[in-house]
>>> print(open('data23.cif').read())   # mmCIF, C-alpha atoms
data_query
#
loop_
_atom_site.label_atom_id
_atom_site.label_comp_id
_atom_site.auth_asym_id
_atom_site.auth_seq_id
_atom_site.Cartn_x
_atom_site.Cartn_y
_atom_site.Cartn_z
CA MET A 776 -10.41 27.17 23.87
CA GLU A 777 -6.65 27.37 24.05
CA LEU A 778 -6.59 24.42 21.69
CA LEU A 779 -8.78 26.24 19.21
CA GLU A 780 -6.53 29.28 19.36
CA SER A 781 -3.43 27.19 18.64
CA LEU A 782 -5.26 25.57 15.78
CA LEU A 783 -6.22 28.95 14.30
CA ASP A 784 -2.63 30.15 14.65
CA ALA A 785 -1.29 27.07 12.94
CA TRP A 786 -3.92 27.00 10.22
CA PRO A 787 -2.09 29.00 7.51
CA GLN A 788 0.89 26.62 7.78
CA LEU A 789 -1.34 23.56 7.88
CA TRP A 790 -3.36 24.77 4.91
CA SER A 791 -0.26 25.18 2.76
CA GLY A 792 0.78 21.63 3.71
CA ILE A 793 -2.70 20.31 2.95
CA GLN A 794 -2.56 21.91 -0.50
CA ILE A 795 0.68 20.11 -1.34
CA THR A 796 -0.67 16.81 0.00
CA LEU A 797 -3.95 17.20 -1.92
CA GLY A 798 -2.11 18.25 -5.09
CA LEU A 799 0.10 15.17 -4.93
CA SER A 800 -2.88 12.94 -4.14
CA LEU A 801 -5.03 14.24 -7.00
CA GLY A 802 -2.21 14.42 -9.54
CA GLY A 803 -0.87 11.03 -8.49
CA ALA A 804 -4.34 9.47 -8.61
CA ALA A 805 -5.09 10.86 -12.07
CA LEU A 806 -1.81 9.53 -13.48
CA ALA A 807 -2.16 6.24 -11.59
CA PHE A 808 -5.63 5.71 -12.98
CA ALA A 809 -4.47 6.32 -16.55
CA VAL A 810 -1.50 3.98 -16.07
CA ALA A 811 -3.72 1.34 -14.44
CA VAL A 812 -6.27 1.35 -17.26
CA VAL A 813 -3.66 1.24 -20.03
CA LEU A 814 -1.56 -1.50 -18.40
CA GLY A 815 -4.64 -3.41 -17.19
CA LEU A 816 -6.09 -3.51 -20.71
CA GLY A 817 -2.63 -4.36 -22.05
CA ALA A 818 -2.38 -7.30 -19.67
CA ILE A 819 -5.50 -8.97 -21.12
CA SER A 820 -4.74 -8.05 -24.74
CA GLU A 821 -4.85 -10.77 -27.37
CA VAL A 822 -1.54 -9.49 -28.72
CA ALA A 823 1.23 -11.39 -26.94
CA VAL A 824 3.75 -8.54 -27.24
CA LEU A 825 1.40 -6.08 -25.54
CA ARG A 826 0.70 -8.59 -22.78
CA GLY A 827 4.42 -9.12 -22.30
CA ILE A 828 5.23 -5.41 -22.15
CA SER A 829 2.40 -4.71 -19.68
CA ARG A 830 3.51 -7.59 -17.47
CA VAL A 831 7.14 -6.41 -17.36
CA VAL A 832 6.25 -2.77 -16.68
CA VAL A 833 3.75 -3.71 -13.96
CA GLU A 834 6.12 -6.12 -12.21
CA PHE A 835 8.96 -3.61 -12.44
CA PHE A 836 7.06 -0.75 -10.79
CA ARG A 837 5.36 -2.99 -8.24
CA GLY A 838 8.61 -4.65 -7.28
CA THR A 839 11.09 -1.83 -6.86
CA SER A 840 9.52 0.13 -3.96
CA LEU A 841 8.08 3.64 -4.11
CA VAL A 842 10.94 5.27 -2.21
CA VAL A 843 13.53 3.91 -4.64
CA GLN A 844 11.48 5.15 -7.60
CA LEU A 845 11.06 8.56 -6.01
CA PHE A 846 14.79 8.91 -5.35
CA TRP A 847 15.65 7.58 -8.78
CA LEU A 848 13.48 10.22 -10.45
CA PHE A 849 14.72 12.94 -8.13
CA PHE A 850 18.46 12.23 -7.93
CA VAL A 851 19.31 10.19 -11.02
CA LEU A 852 17.26 11.78 -13.81
CA PRO A 853 19.03 15.15 -13.43
CA GLN A 854 22.23 13.27 -14.29
CA PHE A 855 20.60 12.45 -17.63
CA GLY A 856 20.03 16.19 -17.96
CA LEU A 857 16.32 15.90 -17.17
CA ARG A 858 15.32 18.27 -14.40
CA MET A 859 11.76 18.35 -13.08
CA ASP A 860 10.34 20.24 -10.18
CA SER A 861 9.66 18.29 -6.97
CA MET A 862 5.90 18.37 -7.30
CA LEU A 863 5.99 16.79 -10.77
CA THR A 864 8.56 14.22 -9.61
CA GLY A 865 6.31 13.23 -6.73
CA ILE A 866 3.24 12.95 -8.94
CA ILE A 867 5.07 10.79 -11.48
CA ALA A 868 6.52 8.47 -8.81
CA LEU A 869 3.12 8.03 -7.11
CA GLY A 870 1.36 7.64 -10.45
CA LEU A 871 3.71 4.94 -11.74
CA ASN A 872 3.90 2.96 -8.51
CA TYR A 873 0.19 2.96 -7.61
CA GLY A 874 -0.69 2.77 -11.31
CA ALA A 875 1.13 -0.56 -11.47
CA TYR A 876 -0.79 -1.81 -8.44
CA GLY A 877 -3.98 -0.49 -10.00
CA ALA A 878 -3.24 -2.34 -13.23
CA GLU A 879 -3.46 -5.58 -11.27
CA VAL A 880 -6.86 -4.56 -9.90
CA VAL A 881 -8.06 -3.59 -13.40
CA ARG A 882 -6.76 -6.83 -14.91
CA GLY A 883 -8.30 -8.95 -12.14
CA SER A 884 -11.67 -7.20 -12.49
CA LEU A 885 -11.74 -7.57 -16.27
CA ASN A 886 -10.92 -11.26 -15.87
CA ALA A 887 -13.65 -11.61 -13.25
CA VAL A 888 -16.36 -10.57 -15.70
CA PRO A 889 -18.10 -13.89 -16.50
CA LYS A 890 -16.85 -15.64 -19.60
CA ALA A 891 -20.33 -15.82 -21.11
CA GLN A 892 -20.39 -12.03 -21.27
CA TRP A 893 -17.21 -12.02 -23.37
CA GLU A 894 -18.53 -14.80 -25.55
CA GLY A 895 -21.80 -12.97 -25.99
CA THR A 896 -20.01 -9.91 -27.37
CA THR A 897 -18.16 -12.14 -29.83
CA ALA A 898 -21.37 -13.85 -30.86
CA LEU A 899 -22.88 -10.44 -31.58
CA SER A 900 -19.67 -9.51 -33.44
CA MET A 901 -19.28 -6.31 -31.46
CA SER A 902 -16.28 -4.12 -32.15
CA TRP A 903 -13.65 -3.94 -29.40
CA VAL A 904 -14.75 -0.42 -28.42
CA THR A 905 -18.45 -1.29 -28.20
CA LYS A 906 -17.69 -4.48 -26.32
CA MET A 907 -15.61 -2.65 -23.72
CA ARG A 908 -17.77 0.43 -23.42
CA ARG A 909 -21.17 -1.25 -23.31
CA ILE A 910 -20.63 -4.71 -21.85
CA ILE A 911 -17.32 -5.51 -20.19
CA TRP A 912 -16.13 -2.24 -18.66
CA PRO A 913 -19.35 -1.35 -16.75
CA GLN A 914 -19.26 -4.75 -15.06
CA ALA A 915 -15.53 -4.68 -14.39
CA TRP A 916 -15.80 -1.08 -13.12
CA ALA A 917 -18.09 -2.12 -10.27
CA LEU A 918 -15.69 -4.92 -9.38
CA MET A 919 -12.54 -2.77 -9.47
CA LEU A 920 -13.76 0.20 -7.40
CA PRO A 921 -13.31 -1.40 -3.96
CA GLY A 922 -9.72 -2.29 -4.86
CA LEU A 923 -9.05 1.16 -6.30
CA ASN A 924 -10.52 2.63 -3.12
CA ASN A 925 -7.95 0.83 -0.96
CA LEU A 926 -5.17 1.90 -3.30
CA MET A 927 -6.34 5.52 -3.18
CA VAL A 928 -5.94 5.54 0.60
CA MET A 929 -2.47 4.01 0.19
CA LEU A 930 -1.59 6.69 -2.35
CA VAL A 931 -2.64 9.46 0.05
CA LYS A 932 -0.40 7.88 2.68
CA GLY A 933 2.38 7.62 0.11
CA THR A 934 2.34 11.41 -0.38
CA ALA A 935 3.88 11.68 3.10
CA LEU A 936 7.20 10.79 1.45
CA ALA A 937 7.15 14.17 -0.29
CA LEU A 938 9.32 15.70 2.42
CA LEU A 939 12.12 13.43 1.21
CA ILE A 940 12.25 15.47 -2.00
CA PHE A 941 12.04 18.73 -0.08
CA LEU A 942 8.34 19.46 -0.50
CA HIS A 943 6.58 21.11 2.43
CA ASP A 944 3.66 18.72 2.60
CA LEU A 945 1.37 18.08 5.57
CA THR A 946 3.82 15.69 7.27
CA PHE A 947 6.58 18.30 6.99
CA VAL A 948 4.33 20.99 8.46
CA VAL A 949 3.27 18.72 11.33
CA ASP A 950 6.89 17.93 12.11
CA ASN A 951 7.61 21.66 12.12
CA LEU A 952 4.59 22.49 14.24
CA ARG A 953 5.85 20.02 16.85
CA ARG A 954 8.70 22.38 17.67
CA THR A 955 6.41 25.27 18.62
CA GLU A 956 3.17 23.58 19.69
CA GLY A 957 4.34 20.30 21.20
CA THR A 958 4.24 16.71 19.98
CA TYR A 959 0.71 15.74 21.01
CA PHE A 960 -1.00 18.78 19.56
CA ALA A 961 0.90 18.71 16.26
CA PHE A 962 0.50 15.00 15.66
CA GLY A 963 -3.09 14.93 16.91
CA VAL A 964 -3.96 17.52 14.29
CA GLY A 965 -1.84 15.72 11.71
CA PHE A 966 -3.51 12.34 12.21
CA ALA A 967 -6.95 13.95 12.18
CA LEU A 968 -6.27 15.80 8.92
CA TYR A 969 -4.83 12.77 7.13
CA TYR A 970 -7.74 10.68 8.37
CA LEU A 971 -10.22 13.21 7.00
CA ILE A 972 -8.42 13.44 3.64
CA SER A 973 -8.26 9.64 3.28
CA LEU A 974 -11.87 9.32 4.40
CA GLY A 975 -12.92 11.97 1.89
CA PHE A 976 -11.35 10.20 -1.08
CA SER A 977 -12.55 6.85 0.19
CA SER A 978 -16.14 8.08 0.50
CA ILE A 979 -16.13 9.46 -3.04
CA LEU A 980 -14.94 6.14 -4.43
CA ARG A 981 -17.43 4.28 -2.25
CA ALA A 982 -20.24 6.43 -3.67
CA LEU A 983 -19.04 5.63 -7.20
CA GLU A 984 -19.00 1.94 -6.27
CA LEU A 985 -22.57 2.02 -4.95
CA ARG A 986 -23.67 3.82 -8.10
CA ALA A 987 -21.98 1.25 -10.31
CA GLN A 988 -23.58 -1.57 -8.34
CA ARG A 989 -27.01 0.01 -8.51
CA LYS A 990 -26.71 0.11 -12.26
CA LEU A 991 -25.84 -3.58 -12.40
CA GLY A 992 -27.53 -5.18 -9.41
CA LEU A 993 -24.17 -6.58 -8.27
CA LYS A 994 -22.78 -6.77 -4.76
CA PRO A 995 -19.15 -7.78 -4.21
CA THR A 996 -18.36 -8.72 -0.62
CA ARG A 997 -15.83 -7.11 1.64
CA ALA A 998 -13.89 -10.39 1.79
CA GLN A 999 -13.19 -10.34 -1.96
CA THR A 1000 -12.01 -6.74 -1.74
CA THR A 1001 -9.41 -7.39 0.92
CA LYS A 1002 -8.07 -10.42 -0.89
CA ALA A 1003 -7.87 -8.61 -4.21
CA THR A 1004 -6.02 -5.63 -2.70
CA ALA A 1005 -3.53 -7.81 -0.88
CA GLY A 1006 -2.84 -9.58 -4.16
CA ALA A 1007 -2.32 -6.32 -6.01
CA VAL A 1008 0.07 -4.60 -3.62
CA ALA A 1009 2.30 -7.62 -2.99
CA MET B 264 26.69 19.65 -17.04
CA ASN B 265 27.79 16.18 -16.06
CA SER B 266 26.79 13.58 -18.58
CA PHE B 267 25.22 10.34 -17.51
CA SER B 268 27.47 7.37 -17.11
CA TRP B 269 27.34 4.05 -15.35
CA ASP B 270 30.43 3.52 -13.25
CA TRP B 271 31.08 -0.19 -12.69
CA GLU B 272 33.63 0.57 -10.01
CA ALA B 273 31.11 2.58 -7.99
CA ALA B 274 28.55 -0.16 -8.55
CA GLY B 275 31.03 -2.73 -7.31
CA GLU B 276 31.59 -0.67 -4.17
CA ALA B 277 27.90 -0.02 -3.57
CA PHE B 278 26.67 -3.58 -4.02
CA PRO B 279 28.20 -5.22 -0.91
CA VAL B 280 27.25 -2.24 1.29
CA LEU B 281 23.66 -2.36 0.11
CA LEU B 282 23.35 -6.12 0.23
CA ARG B 283 24.59 -6.08 3.78
CA SER B 284 22.09 -3.49 4.97
CA PHE B 285 19.43 -5.39 3.02
CA VAL B 286 20.09 -8.62 4.92
CA GLU B 287 20.86 -7.07 8.29
CA ILE B 288 18.18 -4.39 8.43
CA THR B 289 15.57 -4.63 5.68
CA LEU B 290 14.93 -8.36 6.01
CA LEU B 291 15.07 -8.20 9.79
CA LEU B 292 12.49 -5.40 9.80
CA THR B 293 10.25 -7.41 7.48
CA VAL B 294 10.45 -10.62 9.52
CA VAL B 295 9.91 -9.01 12.92
CA GLY B 296 7.28 -6.64 11.52
CA THR B 297 5.40 -9.53 9.93
CA ILE B 298 5.39 -11.56 13.13
CA ILE B 299 4.05 -8.62 15.14
CA ALA B 300 1.46 -7.81 12.47
CA ALA B 301 0.30 -11.43 12.10
CA VAL B 302 -0.17 -11.87 15.86
CA LEU B 303 -1.77 -8.46 16.48
CA GLY B 304 -3.95 -8.81 13.37
CA LEU B 305 -5.40 -12.07 14.68
CA ILE B 306 -5.98 -10.50 18.09
CA TRP B 307 -7.81 -7.55 16.46
CA ALA B 308 -9.92 -9.87 14.30
CA LEU B 309 -10.96 -11.98 17.31
CA ALA B 310 -11.53 -8.92 19.49
CA LEU B 311 -13.75 -7.32 16.84
CA ARG B 312 -15.99 -10.39 16.91
CA GLU B 313 -15.94 -11.21 20.61
CA LEU B 314 -15.87 -7.84 22.41
CA PRO B 315 -19.16 -6.14 23.32
CA THR B 316 -20.39 -4.06 20.38
CA PRO B 317 -19.59 -0.53 21.65
CA ILE B 318 -15.99 -1.45 22.51
CA ALA B 319 -15.59 -3.34 19.23
CA LYS B 320 -16.82 -0.25 17.38
CA VAL B 321 -14.24 1.96 19.07
CA LEU B 322 -11.52 -0.58 18.27
CA ALA B 323 -12.63 -0.75 14.62
CA TRP B 324 -12.44 3.03 14.41
CA VAL B 325 -8.96 3.16 15.96
CA LEU B 326 -7.77 0.52 13.48
CA ASP B 327 -9.28 2.58 10.65
CA VAL B 328 -7.40 5.68 11.77
CA ILE B 329 -4.12 3.74 11.90
CA ARG B 330 -4.76 2.24 8.47
CA MET B 331 -5.69 5.58 6.92
CA THR B 332 -2.81 7.71 8.19
CA PRO B 333 0.73 7.60 6.77
CA LEU B 334 3.45 5.33 8.07
CA PRO B 335 6.09 8.13 8.10
CA LEU B 336 3.85 10.31 10.30
CA GLN B 337 3.30 7.41 12.69
CA ALA B 338 7.03 6.73 12.76
CA PHE B 339 7.79 10.40 13.58
CA PHE B 340 5.18 10.37 16.32
CA LEU B 341 6.56 7.30 18.10
CA TYR B 342 10.08 8.61 17.59
CA TYR B 343 9.29 11.79 19.54
CA VAL B 344 7.05 10.20 22.16
CA PHE B 345 9.33 7.28 23.03
CA VAL B 346 12.68 9.05 22.93
CA GLN B 347 14.21 6.33 25.09
CA LEU B 348 13.59 3.61 22.46
CA ASP B 349 16.10 2.97 19.69
CA VAL B 350 14.95 3.47 16.11
CA MET B 351 14.89 -0.23 15.26
CA THR B 352 12.40 -0.93 18.05
CA ILE B 353 10.26 1.96 16.86
CA ALA B 354 10.49 0.62 13.31
CA TYR B 355 9.30 -2.85 14.39
CA ILE B 356 6.36 -1.34 16.27
CA VAL B 357 5.33 1.02 13.46
CA LEU B 358 5.50 -1.61 10.73
CA GLY B 359 3.90 -4.28 12.91
CA VAL B 360 1.01 -2.16 14.14
CA HIS B 361 0.35 -0.47 10.78
CA TYR B 362 0.17 -3.73 8.87
CA SER B 363 -1.73 -5.52 11.67
CA THR B 364 -4.71 -3.36 10.69
CA TYR B 365 -4.54 -4.74 7.14
CA MET B 366 -3.97 -8.30 8.30
CA ALA B 367 -6.95 -8.03 10.68
CA GLU B 368 -9.11 -7.46 7.60
CA SER B 369 -7.64 -10.56 5.96
CA TYR B 370 -8.27 -12.67 9.05
CA ARG B 371 -11.80 -11.34 9.22
CA ALA B 372 -12.35 -12.34 5.61
CA GLY B 373 -10.94 -15.78 6.35
CA ILE B 374 -13.18 -16.20 9.39
CA GLU B 375 -16.22 -15.07 7.42
CA SER B 376 -15.46 -17.65 4.75
CA ILE B 377 -16.05 -20.47 7.27
CA ARG B 378 -19.41 -22.05 6.54
CA LYS B 379 -22.14 -21.73 9.12
CA GLY B 380 -22.37 -25.51 9.53
CA GLN B 381 -18.95 -25.51 11.20
CA TRP B 382 -20.19 -23.18 13.93
CA GLU B 383 -23.40 -25.13 14.31
CA ALA B 384 -21.51 -28.42 14.57
CA ALA B 385 -19.29 -26.94 17.29
CA THR B 386 -22.38 -25.82 19.18
CA ALA B 387 -24.04 -29.21 18.71
CA LEU B 388 -20.96 -30.87 20.21
CA SER B 389 -21.07 -28.24 22.98
CA LEU B 390 -17.47 -27.29 22.41
CA PRO B 391 -16.44 -24.38 24.62
CA LYS B 392 -15.84 -21.10 22.79
CA GLY B 393 -12.06 -21.16 23.11
CA ARG B 394 -11.90 -24.67 21.75
CA THR B 395 -14.25 -23.81 18.87
CA TRP B 396 -11.91 -21.01 17.79
CA ARG B 397 -8.69 -22.96 18.37
CA ALA B 398 -9.64 -26.34 16.97
CA VAL B 399 -12.32 -25.60 14.39
CA ILE B 400 -12.44 -22.04 13.08
CA ILE B 401 -8.88 -20.68 13.14
CA PRO B 402 -7.21 -23.68 11.42
CA GLN B 403 -9.68 -23.47 8.55
CA ALA B 404 -9.68 -19.67 8.39
CA LEU B 405 -5.89 -19.63 8.31
CA ARG B 406 -5.88 -21.67 5.13
CA ALA B 407 -7.90 -19.00 3.36
CA THR B 408 -5.90 -16.19 4.99
CA LEU B 409 -2.28 -17.26 4.53
CA PRO B 410 -1.69 -16.05 0.95
CA SER B 411 -3.23 -12.70 1.90
CA LEU B 412 -0.94 -12.40 4.94
CA GLY B 413 2.01 -13.22 2.69
CA ASN B 414 1.00 -10.48 0.29
CA TRP B 415 0.75 -7.91 3.07
CA SER B 416 4.17 -9.00 4.25
CA ILE B 417 5.60 -8.31 0.79
CA ALA B 418 3.89 -4.92 0.80
CA MET B 419 5.46 -4.20 4.21
CA PHE B 420 8.84 -5.26 2.86
CA LYS B 421 8.58 -2.65 0.11
CA ASP B 422 7.47 -0.05 2.68
CA THR B 423 10.53 -0.51 4.91
CA PRO B 424 12.30 2.44 3.17
CA PHE B 425 9.49 4.72 4.47
CA LEU B 426 11.42 4.51 7.75
CA ILE B 427 14.20 6.56 6.20
CA VAL B 428 12.41 9.53 7.83
CA ILE B 429 13.51 8.45 11.31
CA GLY B 430 16.97 7.41 10.14
CA VAL B 431 16.69 3.62 10.16
CA ALA B 432 19.78 2.42 8.32
CA GLU B 433 17.86 0.24 5.84
CA MET B 434 19.02 -0.27 2.27
CA VAL B 435 17.64 2.89 0.64
CA THR B 436 18.99 5.07 3.44
CA GLN B 437 22.40 3.50 2.80
CA ALA B 438 22.01 4.03 -0.94
CA ARG B 439 21.31 7.73 -0.39
CA ARG B 440 24.30 8.04 1.91
CA PHE B 441 26.50 6.24 -0.59
CA GLY B 442 25.25 8.46 -3.42
CA ALA B 443 25.90 11.64 -1.45
CA ASN B 444 29.43 10.58 -0.47
CA GLU B 445 30.48 9.41 -3.92
CA PHE B 446 28.65 12.14 -5.86
CA THR B 447 26.87 9.50 -7.89
CA TYR B 448 23.38 8.28 -7.19
CA VAL B 449 22.64 6.23 -10.26
CA GLU B 450 24.51 3.05 -9.28
CA ALA B 451 23.35 2.96 -5.66
CA PHE B 452 19.65 3.58 -6.34
CA THR B 453 19.56 1.26 -9.35
CA ILE B 454 21.13 -1.57 -7.39
CA ALA B 455 18.81 -0.94 -4.43
CA GLY B 456 15.80 -1.13 -6.77
CA LEU B 457 17.05 -4.32 -8.40
CA ILE B 458 17.63 -5.98 -5.02
CA PHE B 459 14.04 -5.13 -4.06
CA LEU B 460 12.77 -6.52 -7.33
CA ALA B 461 14.87 -9.68 -7.05
CA ALA B 462 13.45 -10.36 -3.60
CA SER B 463 9.82 -9.32 -4.01
CA TYR B 464 8.97 -10.66 -7.47
CA PRO B 465 9.70 -14.37 -6.81
CA THR B 466 7.94 -14.14 -3.43
CA ALA B 467 4.89 -12.57 -5.03
CA VAL B 468 4.79 -15.33 -7.65
CA LEU B 469 5.08 -17.90 -4.88
CA MET B 470 2.13 -16.33 -3.05
CA ARG B 471 0.03 -16.46 -6.23
CA ARG B 472 0.81 -20.18 -6.57
CA MET B 473 0.03 -20.80 -2.93
CA GLU B 474 -3.26 -18.95 -3.31
CA LYS B 475 -4.26 -21.26 -6.18
CA LYS B 476 -3.13 -24.35 -4.33
CA LEU B 477 -4.85 -23.54 -1.04
CA ALA B 478 -8.10 -22.38 -2.62
CA TYR B 479 -10.93 -24.82 -2.33
#
>>> encode(input="data23.cif", output="structure tokens")
Amino acid sequence: MELLESLLDAWPQLWSGIQITLGLSLGGAALAFAVAVVLGLGAISEVAVLRGISRVVVEFFRGTSLVVQLFWLFFVLPQFGLRMDSMLTGIIALGLNYGAYGAEVVRGSLNAVPKAQWEGTTALSMSWVTKMRRIIWPQAWALMLPGLNNLMVMLVKGTALALLIFLHDLTFVVDNLRRTEGTYFAFGVGFALYYLISLGFSSILRALELRAQRKLGLKPTRAQTTKATAGAVA
Amino acid sequence: MNSFSWDWEAAGEAFPVLLRSFVEITLLLTVVGTIIAAVLGLIWALALRELPTPIAKVLAWVLDVIRMTPLPLQAFFLYYVFVQLDVMTIAYIVLGVHYSTYMAESYRAGIESIRKGQWEAATALSLPKGRTWRAVIIPQALRATLPSLGNWSIAMFKDTPFLIVIGVAEMVTQARRFGANEFTYVEAFTIAGLIFLAASYPTAVLMRRMEKKLAY
């Protein structure tokens, strides 16, 4: 009962932290998805220049570490005269970093669509848009969702860096709560809330995956998922 | 308003400081973290298969919770609970345990990729369980798992700056300090990013090659 009372007391603080964390997660995910699709399609383009640009951008944002990118946007850009608020900075850093990882998942999934499917669209002289929308993308979509799911959880965890750019996210609130409510209570609540948030996003993406599979009669195994994610985040 | 400029002198001062913390702290964290994660991950993967179902289920859930909650929060937690430990030890534990949950999944995938005939042959030869794992399953599973483990290790390497929250003096922490002291962040953070890129990109390419070579 005492526990419940502490929780109720702490709730307004926790809720404001949750809002920041959710805002960063949703904003970051939306941007990351857009970046992933654009760069993923670029990476399999028939135009060599587009392929080259996508490759360089992806490798750059995968390779330079999220924290460096976050600090670069936050501390260096103002020296160019470009000032953004912390929330936007966080969303852009998360979106670019996880978008680059996502591009690898998108590229891999597009490549994993059987060659005969691509050839079939050529044989039927489909336009690029029809080919993607009707044939290739629906199949690749089912293949990419497990990988995107893992990345989504990583992105949620990445939002915990927000306190480094002075945002009062859930991790910040938990660290604050520790002072008044004690370490075990504060962190117990913190772990539980992050777990629920991650699980929530993960379940939504899992539902999308099952839907995509139902439409196709496909079933990728868990083993492929793990391997593909490890390849993307390296 | 101060206009943007790249100061070669500041860059020249920052580079040796950052390179040093990179070698002494960042690489050390990655190596020790990877060893802990690779060993623990294998233990988790074996335990999940061999323990009685209810215990295995609890373990799987605990691993899920660790995998789905942020590294900085875990670092803070250990930092406050084990006040007597120095931050490097906490950093090794946090990185090692966090990534062991990912590596366990990779081991599991590797183990599942072993064809049923291998198990059946081991049974037919009445090999004891320990011997079956040691001499038949693990060596083959490892072949399928290694590139994946390497990739997680690279991911861990790029996550080492997350430990800035508990004040581990890794490269990005040093870059921030340098930037604050010299009133210029651009050189320090750019160099830190380039060092990360220079180390992680070739390794990632190497892993991709290894993956192709080891695939059967």
>>> resolve_selection(input="data23.cif", expression="the PyMOL selection byres ((chain B and resi 455) around 9)", output="compact mmCIF listing (two decimals) with C-alpha atoms, keeping the file's coordinate frame")
# COMPACT_ATOMS: atom_id res chain seq x y z
CA THR A 839 11.09 -1.83 -6.86
CA VAL A 843 13.53 3.91 -4.64
CA PHE B 278 26.67 -3.58 -4.02
CA LEU B 281 23.66 -2.36 0.11
CA LEU B 282 23.35 -6.12 0.23
CA PHE B 285 19.43 -5.39 3.02
CA MET B 434 19.02 -0.27 2.27
CA VAL B 435 17.64 2.89 0.64
CA ALA B 438 22.01 4.03 -0.94
CA GLU B 450 24.51 3.05 -9.28
CA ALA B 451 23.35 2.96 -5.66
CA PHE B 452 19.65 3.58 -6.34
CA THR B 453 19.56 1.26 -9.35
CA ILE B 454 21.13 -1.57 -7.39
CA GLY B 456 15.80 -1.13 -6.77
CA LEU B 457 17.05 -4.32 -8.40
CA ILE B 458 17.63 -5.98 -5.02
CA PHE B 459 14.04 -5.13 -4.06
CA LEU B 460 12.77 -6.52 -7.33
>>> residues_around(input="data23.cif", residues="Leu863 in chain A", least_positions_apart="4", cutoff="9 Å", atoms="all atoms listed in the file", output="ChimeraX atom specification")
/A:799,802,859,867-868
>>> residues_around(input="data23.cif", residues="Phe836 in chain A", least_positions_apart="2", cutoff="9 Å", atoms="all atoms listed in the file", output="PDB file with C-alpha atoms, in the coordinates of the input")
ATOM      1  CA  VAL A 831       7.140  -6.410 -17.360  1.00  0.00           C
ATOM      2  CA  VAL A 832       6.250  -2.770 -16.680  1.00  0.00           C
ATOM      3  CA  VAL A 833       3.750  -3.710 -13.960  1.00  0.00           C
ATOM      4  CA  GLU A 834       6.120  -6.120 -12.210  1.00  0.00           C
ATOM      5  CA  GLY A 838       8.610  -4.650  -7.280  1.00  0.00           C
ATOM      6  CA  THR A 839      11.090  -1.830  -6.860  1.00  0.00           C
ATOM      7  CA  SER A 840       9.520   0.130  -3.960  1.00  0.00           C
ATOM      8  CA  LEU A 841       8.080   3.640  -4.110  1.00  0.00           C
ATOM      9  CA  GLN A 844      11.480   5.150  -7.600  1.00  0.00           C
ATOM     10  CA  LEU A 871       3.710   4.940 -11.740  1.00  0.00           C
ATOM     11  CA  ASN A 872       3.900   2.960  -8.510  1.00  0.00           C
ATOM     12  CA  TYR A 873       0.190   2.960  -7.610  1.00  0.00           C
ATOM     13  CA  GLY A 874      -0.690   2.770 -11.310  1.00  0.00           C
ATOM     14  CA  ALA A 875       1.130  -0.560 -11.470  1.00  0.00           C
ATOM     15  CA  TYR A 876      -0.790  -1.810  -8.440  1.00  0.00           C
TER      16      TYR A 876
ATOM     17  CA  LEU B 460      12.770  -6.520  -7.330  1.00  0.00           C
TER      18      LEU B 460
END
>>> resolve_selection(input="data23.cif", expression="the PyMOL selection byres ((chain B) within 6 of (chain A))", output="list in words")
Phe267, Met331, Thr332, Pro333, Ala372, Ser411, Asn414, Trp415, Ile417, Ala418, Lys421, Tyr448, Val449, Gly456, Phe459, Leu460, Ser463 and Ala467 of chain B
>>> closest_residue(input="data23.cif", among="A:Leu857, A:Val888, A:Glu984, A:Ala785", to="Met907 in chain A", atoms="only C-alpha atoms")
A:Val888
>>> residues_around(input="data23.cif", residues="Met919 in chain A", least_positions_apart="5", cutoff="7 Å", atoms="all atoms listed in the file", output="count of residues only")
3
>>> atom_distance(input="data23.cif", atom1="CA of Val964 in chain A", atom2="CA of Leu782 in chain A")
8.3 Å
>>> closest_residue(input="data23.cif", among="A:Leu778, A:Ile793, A:Leu980, A:Ala898", to="Leu942 in chain A", atoms="all atoms listed in the file")
A:Ile793
>>> residues_around(input="data23.cif", residues="range 787-792 of chain A", least_positions_apart="2", cutoff="7 Å", atoms="all atoms listed in the file", output="PyMOL selection string")
chain A and resi 785+794-796+943-945+948
>>> residues_around(input="data23.cif", residues="Lys476 in chain B", least_positions_apart="6", cutoff="12 Å", atoms="only C-alpha atoms", output="ChimeraX atom specification")
/B:406-407,409-410,469-470
>>> atom_distance(input="data23.cif", atom1="CA of Val904 in chain A", atom2="CA of Leu869 in chain A")
29.1 Å
>>> atom_distance(input="data23.cif", atom1="CA of Met862 in chain A", atom2="CA of Ile429 in chain B")
22.4 Å
>>> closest_residue(input="data23.cif", among="B:Arg283, B:Arg330, B:Arg312, B:His361", to="Thr423 in chain B", atoms="only C-alpha atoms")
B:His361
>>> resolve_selection(input="data23.cif", expression="the PyMOL selection byres ((chain B and resi 396) around 12)", output="list in words")
Leu305, Ala308, Leu309, Arg312, Glu313, Ile374, Ile377, Gln381, Trp382, Ala385, Thr386, Leu390, Pro391, Lys392, Gly393, Arg394, Thr395, Arg397, Ala398, Val399, Ile400, Ile401, Pro402, Gln403, Ala404 and Leu405 of chain B
>>> closest_residue(input="data23.cif", among="B:Glu276, B:Asp327, B:Glu383, B:Asp422", to="Gly296 in chain B", atoms="all atoms listed in the file")
B:Asp422
>>> closest_residue(input="data23.cif", among="A:Met927, A:Leu797, A:Ala937, A:Leu920", to="Leu985 in chain A", atoms="all atoms listed in the file")
A:Leu920
